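J.: Next up is a structure, given as structure tokens.
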Amino acid sequence: RLLLASLIPRVASFAAFRSGEPWLDTHGRVIDAHGAGFLVDGGVTYWYGSQRNGWKCCHDGGINVYSSRDLYSWTAHGLALRTYQTRSSTGNGRDLERPKVVRCAGTGQYVMWVRGTGEGNTPQLAAVAVSSSPTGSFSYVGNISDPFHTVDPGNPNIEEGYQFADATLFQDPASSRAFVYWRTRVNSHHTGFRAMELTDDCTNVRRESDHQLFQTANREAPAVFHARGQYYLWASGTAGWSPTTTHLYTADSPLGAFNRSGFDNRRGG
């Protein structure tokens with residue numbers, strides 16, 4: 001009986017967040033989902049993130065997915081999206097970061113936008129993948145020989161398209177329309193921090209919706225939500241791994257003029 005008990009997988013149950021302790025999934029393994037994105041669907045929260053344990057810099061195992069009904073205990077479902085094993089022409093795909101998923105109102109499919117980076121963290125490009133299930137597996141969309149690309153290449157502002165750095169997806173609860181918000185990195189075109197509406201299938205952008213929200217590109221880790229008739233955009237400054245300022249902006253629409261709301265964590269606000 002002791003032998004049988006030792007062979008049964010240990011189930012980890014959490015009833016509180018434990019700061020500073022390893023967070024285990026329901027099988028007793030450390031949760032491995034770096035640079036997370038979350039989706040709430042049918043009363044279940046899904047956690048997507050890069051598989052980093054055991055991998056060296058600039059490479060990872062792909063995008064893991066976990067699910068939870070209470071935000072404390074998380075069940076692992078394995079890889080939702082594998083890294084791009086065939087070396088792409090852009091050098092991207094061995095490192096997938098910052099996955100964001102929506103359930104597309106136009107198709108009912110689950111659509112993931114994810115950042116791919118080449119060696120040395122550049123270039124930073126987008127890839128889109130779809131699945132009929134929130135736990136995957138997800139399949140790349142577009143040029144399967146190299147699905148990594150800039151956002152909206154051929155647009156009149158910057159012919160080669162925008163680089164795709166830290167980003168988030170947001171689905172407006174009022175209209176079910178989906179939007180992407182992202183940092184385009186610093187370059188000679190000063191493309192800044194931008195937002196665009198997604199197409200009906202959520203796999204591309206509507207060119208006419210192109211908005212530069214901020215001239216500076218020094219905003220990352222964006223998060224957007226809607227409450228009490230206002231749209232809120234949270235973002236941090238850019239200081240590598242060092243602590244930095246948190247910024248909060250509000251607007252009257254998803255692509256509106258996001259104005260600073262006065263929150264600045266350096267002042268304890």
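Ordering of the structure tokens sets the chain letters (A, B, ...), residue numbers begin anew at 1 in every chain, and ligands are numbered from 1 in the order given.
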Could you give me, as a tab-separated table, a per-residue list for range 28-83 of chain A showing, wherever an atom lies at most 7 Å from an atom of range 12-24 of chain A, the closest pair of atoms and their distance in Å to one decimal, using only C-alpha atoms and sorting by chain then residue number from low to high?
T.:
residue	atom	partner	partner_atom	distance
A:Gly28	CA	A:Ala12	CA	5.1
A:Arg29	CA	A:Leu24	CA	5.0
A:Val30	CA	A:Leu24	CA	4.3
A:Ile31	CA	A:Leu24	CA	5.5
A:Tyr72	CA	A:Phe14	CA	5.3
A:Ser73	CA	A:Phe14	CA	5.5
J.: Store the residues picked out above in a file with all heavy atoms, as a PDB file, in the first residue's frame.
T.:
ATOM      1  N   GLY A  28       1.728  18.744  -8.858  1.00  0.00           N
ATOM      2  CA  GLY A  28       2.876  18.941  -8.002  1.00  0.00           C
ATOM      3  C   GLY A  28       4.117  19.456  -8.704  1.00  0.00           C
ATOM      4  O   GLY A  28       5.203  19.465  -8.115  1.00  0.00           O
ATOM      5  N   ARG A  29       3.973  19.889  -9.948  1.00  0.00           N
ATOM      6  CA  ARG A  29       5.109  20.428 -10.693  1.00  0.00           C
ATOM      7  C   ARG A  29       5.052  21.958 -10.704  1.00  0.00           C
ATOM      8  O   ARG A  29       3.959  22.537 -10.721  1.00  0.00           O
ATOM      9  CB  ARG A  29       5.121  19.892 -12.126  1.00  0.00           C
ATOM     10  CG  ARG A  29       5.324  18.385 -12.214  1.00  0.00           C
ATOM     11  CD  ARG A  29       5.444  17.947 -13.656  1.00  0.00           C
ATOM     12  NE  ARG A  29       4.171  18.043 -14.361  1.00  0.00           N
ATOM     13  CZ  ARG A  29       3.348  17.024 -14.566  1.00  0.00           C
ATOM     14  NH1 ARG A  29       3.650  15.817 -14.094  1.00  0.00           N
ATOM     15  NH2 ARG A  29       2.211  17.191 -15.232  1.00  0.00           N
ATOM     16  N   VAL A  30       6.224  22.601 -10.728  1.00  0.00           N
ATOM     17  CA  VAL A  30       6.270  24.061 -10.761  1.00  0.00           C
ATOM     18  C   VAL A  30       5.613  24.577 -12.036  1.00  0.00           C
ATOM     19  O   VAL A  30       5.894  24.082 -13.143  1.00  0.00           O
ATOM     20  CB  VAL A  30       7.732  24.557 -10.681  1.00  0.00           C
ATOM     21  CG1 VAL A  30       7.792  26.068 -10.857  1.00  0.00           C
ATOM     22  CG2 VAL A  30       8.353  24.157  -9.351  1.00  0.00           C
ATOM     23  N   ILE A  31       4.720  25.543 -11.894  1.00  0.00           N
ATOM     24  CA  ILE A  31       4.062  26.133 -13.060  1.00  0.00           C
ATOM     25  C   ILE A  31       5.118  26.794 -13.946  1.00  0.00           C
ATOM     26  O   ILE A  31       5.945  27.573 -13.481  1.00  0.00           O
ATOM     27  CB  ILE A  31       2.999  27.153 -12.619  1.00  0.00           C
ATOM     28  CG1 ILE A  31       1.863  26.423 -11.888  1.00  0.00           C
ATOM     29  CG2 ILE A  31       2.460  27.933 -13.817  1.00  0.00           C
ATOM     30  CD1 ILE A  31       0.837  27.346 -11.275  1.00  0.00           C
ATOM     31  N   TYR A  72      -6.282  29.698  -7.837  1.00  0.00           N
ATOM     32  CA  TYR A  72      -5.274  29.169  -6.913  1.00  0.00           C
ATOM     33  C   TYR A  72      -4.655  27.879  -7.449  1.00  0.00           C
ATOM     34  O   TYR A  72      -3.440  27.734  -7.503  1.00  0.00           O
ATOM     35  CB  TYR A  72      -5.892  28.893  -5.534  1.00  0.00           C
ATOM     36  CG  TYR A  72      -6.385  30.103  -4.807  1.00  0.00           C
ATOM     37  CD1 TYR A  72      -7.706  30.185  -4.372  1.00  0.00           C
ATOM     38  CD2 TYR A  72      -5.543  31.171  -4.521  1.00  0.00           C
ATOM     39  CE1 TYR A  72      -8.175  31.300  -3.685  1.00  0.00           C
ATOM     40  CE2 TYR A  72      -5.998  32.294  -3.841  1.00  0.00           C
ATOM     41  CZ  TYR A  72      -7.316  32.345  -3.428  1.00  0.00           C
ATOM     42  OH  TYR A  72      -7.764  33.452  -2.750  1.00  0.00           O
ATOM     43  N   SER A  73      -5.494  26.919  -7.807  1.00  0.00           N
ATOM     44  CA  SER A  73      -5.037  25.609  -8.268  1.00  0.00           C
ATOM     45  C   SER A  73      -5.130  25.543  -9.787  1.00  0.00           C
ATOM     46  O   SER A  73      -6.196  25.809 -10.363  1.00  0.00           O
ATOM     47  CB  SER A  73      -5.892  24.497  -7.646  1.00  0.00           C
ATOM     48  OG  SER A  73      -5.766  24.514  -6.237  1.00  0.00           O
TER      49      SER A  73
END
J.: Hey, what's within 10 Å of Gly256 in chain A if we count only C-alpha atoms and toss same-chain stuff fewer than 6 positions away? As a ChimeraX atom specification, please?
T.: /A:195,211,213,231,250
J.: Could you tell me, as a PyMOL selection string, which residues of range 41-200 of chain A DSSP assigns to strand (DSSP E or B) when given the backbone?
T.: chain A and resi 41+44-50+62-68+75-82+96-103+110-117+124-131+139-140+149+151+162+167-171+178-183+193-198
J.: Excluding same-chain residues fewer than 4 positions from Ser175 in chain A, what lies within 12 Å of it counting only C-alpha atoms, as a list in words?
T.: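 The filter keeps Cys104, Ala105, Gly106, Phe170, Gln171, Phe179, Glu197, His226, Ser253 and Pro254 of chain A.
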J.: Residues as selected, N, CA and C atoms, written as a PDB file, in the first residue's frame, can you do that?
T.:
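Final file, selection.pdb:
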ATOM      1  N   CYS A 104     -12.512  34.403 -30.713  1.00  0.00           N
ATOM      2  CA  CYS A 104     -12.922  35.344 -31.743  1.00  0.00           C
ATOM      3  C   CYS A 104     -14.429  35.279 -31.963  1.00  0.00           C
ATOM      4  N   ALA A 105     -15.102  36.409 -31.817  1.00  0.00           N
ATOM      5  CA  ALA A 105     -16.554  36.454 -31.977  1.00  0.00           C
ATOM      6  C   ALA A 105     -16.970  36.134 -33.411  1.00  0.00           C
ATOM      7  N   GLY A 106     -16.113  36.457 -34.380  1.00  0.00           N
ATOM      8  CA  GLY A 106     -16.462  36.242 -35.780  1.00  0.00           C
ATOM      9  C   GLY A 106     -16.414  34.805 -36.227  1.00  0.00           C
ATOM     10  N   PHE A 170      -7.337  42.715 -26.633  1.00  0.00           N
ATOM     11  CA  PHE A 170      -8.489  43.102 -25.822  1.00  0.00           C
ATOM     12  C   PHE A 170      -9.744  42.906 -26.648  1.00  0.00           C
ATOM     13  N   GLN A 171     -10.743  42.248 -26.051  1.00  0.00           N
ATOM     14  CA  GLN A 171     -12.035  42.067 -26.713  1.00  0.00           C
ATOM     15  C   GLN A 171     -13.058  42.932 -25.995  1.00  0.00           C
ATOM     16  N   PHE A 179      -9.014  43.950 -30.398  1.00  0.00           N
ATOM     17  CA  PHE A 179      -7.987  44.947 -30.681  1.00  0.00           C
ATOM     18  C   PHE A 179      -6.632  44.433 -30.204  1.00  0.00           C
ATOM     19  N   GLU A 197      -7.587  47.678 -34.615  1.00  0.00           N
ATOM     20  CA  GLU A 197      -8.666  46.698 -34.526  1.00  0.00           C
ATOM     21  C   GLU A 197      -8.302  45.467 -35.350  1.00  0.00           C
ATOM     22  N   HIS A 226     -12.262  47.179 -19.530  1.00  0.00           N
ATOM     23  CA  HIS A 226     -13.389  48.105 -19.602  1.00  0.00           C
ATOM     24  C   HIS A 226     -14.161  48.044 -18.297  1.00  0.00           C
ATOM     25  N   SER A 253     -13.129  55.162 -25.708  1.00  0.00           N
ATOM     26  CA  SER A 253     -13.308  54.097 -26.694  1.00  0.00           C
ATOM     27  C   SER A 253     -12.008  53.302 -26.787  1.00  0.00           C
ATOM     28  N   PRO A 254     -12.042  52.089 -27.367  1.00  0.00           N
ATOM     29  CA  PRO A 254     -10.829  51.264 -27.410  1.00  0.00           C
ATOM     30  C   PRO A 254      -9.669  51.892 -28.164  1.00  0.00           C
TER      31      PRO A 254
END
J.: To one decimal place in Å, what is the distance between CA of Val180 in chain A and CA of Gly240 in chain A?
T.: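 Spanning CA of Val180 in chain A to CA of Gly240 in chain A is a straight-line distance of 22.7 Å.
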J.: Do a neighbour search on Thr75 in chain A at 9 Å with only C-alpha atoms, toss out local chain neighbours closer than 5 positions, and write the hits as a PyMOL selection string.
T.: chain A and resi 25-27+65-68
J.: Filtering to all heavy atoms, could you give me those residues as a CSV table (one decimal), in the first residue's frame?
T.:
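File again-v6.csv, as written:
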chain,number,residue,atom,x,y,z
A,25,ASP,N,1.5,23.2,-9.9
A,25,ASP,CA,0.2,22.8,-10.5
A,25,ASP,C,-0.4,21.6,-9.8
A,25,ASP,O,0.1,21.2,-8.7
A,25,ASP,CB,0.4,22.5,-12.0
A,25,ASP,CG,1.3,21.3,-12.3
A,25,ASP,OD1,1.4,20.4,-11.4
A,25,ASP,OD2,1.8,21.2,-13.4
A,26,THR,N,-1.5,21.2,-10.2
A,26,THR,CA,-2.2,20.1,-9.5
A,26,THR,C,-1.6,18.8,-9.6
A,26,THR,O,-2.0,17.8,-8.9
A,26,THR,CB,-3.7,20.0,-10.1
A,26,THR,OG1,-3.6,19.8,-11.5
A,26,THR,CG2,-4.5,21.2,-9.8
A,27,HIS,N,-0.5,18.7,-10.3
A,27,HIS,CA,0.3,17.4,-10.4
A,27,HIS,C,1.6,17.6,-9.5
A,27,HIS,O,2.5,16.7,-9.5
A,27,HIS,CB,0.7,17.0,-11.8
A,27,HIS,CG,-0.5,16.6,-12.6
A,27,HIS,ND1,-1.2,15.5,-12.4
A,27,HIS,CD2,-1.2,17.3,-13.6
A,27,HIS,CE1,-2.2,15.4,-13.2
A,27,HIS,NE2,-2.2,16.5,-14.0
A,65,VAL,N,-0.1,25.8,-21.4
A,65,VAL,CA,-1.4,26.3,-21.0
A,65,VAL,C,-1.8,25.5,-19.8
A,65,VAL,O,-1.6,24.3,-19.7
A,65,VAL,CB,-2.4,26.1,-22.2
A,65,VAL,CG1,-2.6,24.7,-22.6
A,65,VAL,CG2,-3.8,26.7,-21.7
A,66,TYR,N,-2.4,26.3,-18.9
A,66,TYR,CA,-3.0,25.8,-17.6
A,66,TYR,C,-4.4,26.3,-17.5
A,66,TYR,O,-4.8,27.3,-18.1
A,66,TYR,CB,-2.2,26.2,-16.4
A,66,TYR,CG,-0.7,25.8,-16.4
A,66,TYR,CD1,0.2,26.4,-17.1
A,66,TYR,CD2,-0.4,24.7,-15.6
A,66,TYR,CE1,1.6,26.0,-17.1
A,66,TYR,CE2,1.0,24.3,-15.5
A,66,TYR,CZ,1.9,24.9,-16.3
A,66,TYR,OH,3.2,24.5,-16.3
A,67,SER,N,-5.2,25.6,-16.7
A,67,SER,CA,-6.6,26.1,-16.4
A,67,SER,C,-6.9,26.0,-15.0
A,67,SER,O,-6.4,25.2,-14.2
A,67,SER,CB,-7.6,25.2,-17.2
A,67,SER,OG,-7.6,23.9,-16.7
A,68,SER,N,-7.8,26.9,-14.6
A,68,SER,CA,-8.2,27.0,-13.2
A,68,SER,C,-9.7,27.5,-13.1
A,68,SER,O,-10.1,28.4,-13.9
A,68,SER,CB,-7.3,27.9,-12.4
A,68,SER,OG,-7.7,28.0,-11.0
J.: Report, in Å to a single decimal, how far apart CA of Tyr162 in chain A and CA of Thr107 in chain A are.
T.: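 The value is 26.0 Å.
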J.: Restricting the calculation to only C-alpha atoms: of A:Glu97, A:Asp252, A:Asp201, A:Glu160, which residue gets closest to Asp60 in chain A?
T.: A:Glu97
J.: Restricting the calculation to only C-alpha atoms: of A:Ala165, A:Ala223, A:Leu198, A:Leu71, which residue gets closest to Val44 in chain A?
T.: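 That would be A:Leu71, the residue with the smallest distance to Val44 in chain A.
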J.: Counting only C-alpha atoms, figure out which residue out of A:Asp95, A:Thr184, A:Ser176, A:Ser50 gets nearest to Gly161 in chain A.
T.: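 Of all the options, A:Thr184 lies closest to Gly161 in chain A.
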J.: With only C-alpha atoms as the atoms that count, which of A:His247, A:Pro134, A:Asp172, A:Arg228 lies nearest to Gly42 in chain A?
T.: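 For Gly42 in chain A, the nearest of the candidates is A:Pro134.
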J.: To one decimal in Å, tell me the separation between CA of Asn92 in chain A and CA of Gly154 in chain A.
T.: 20.5 Å
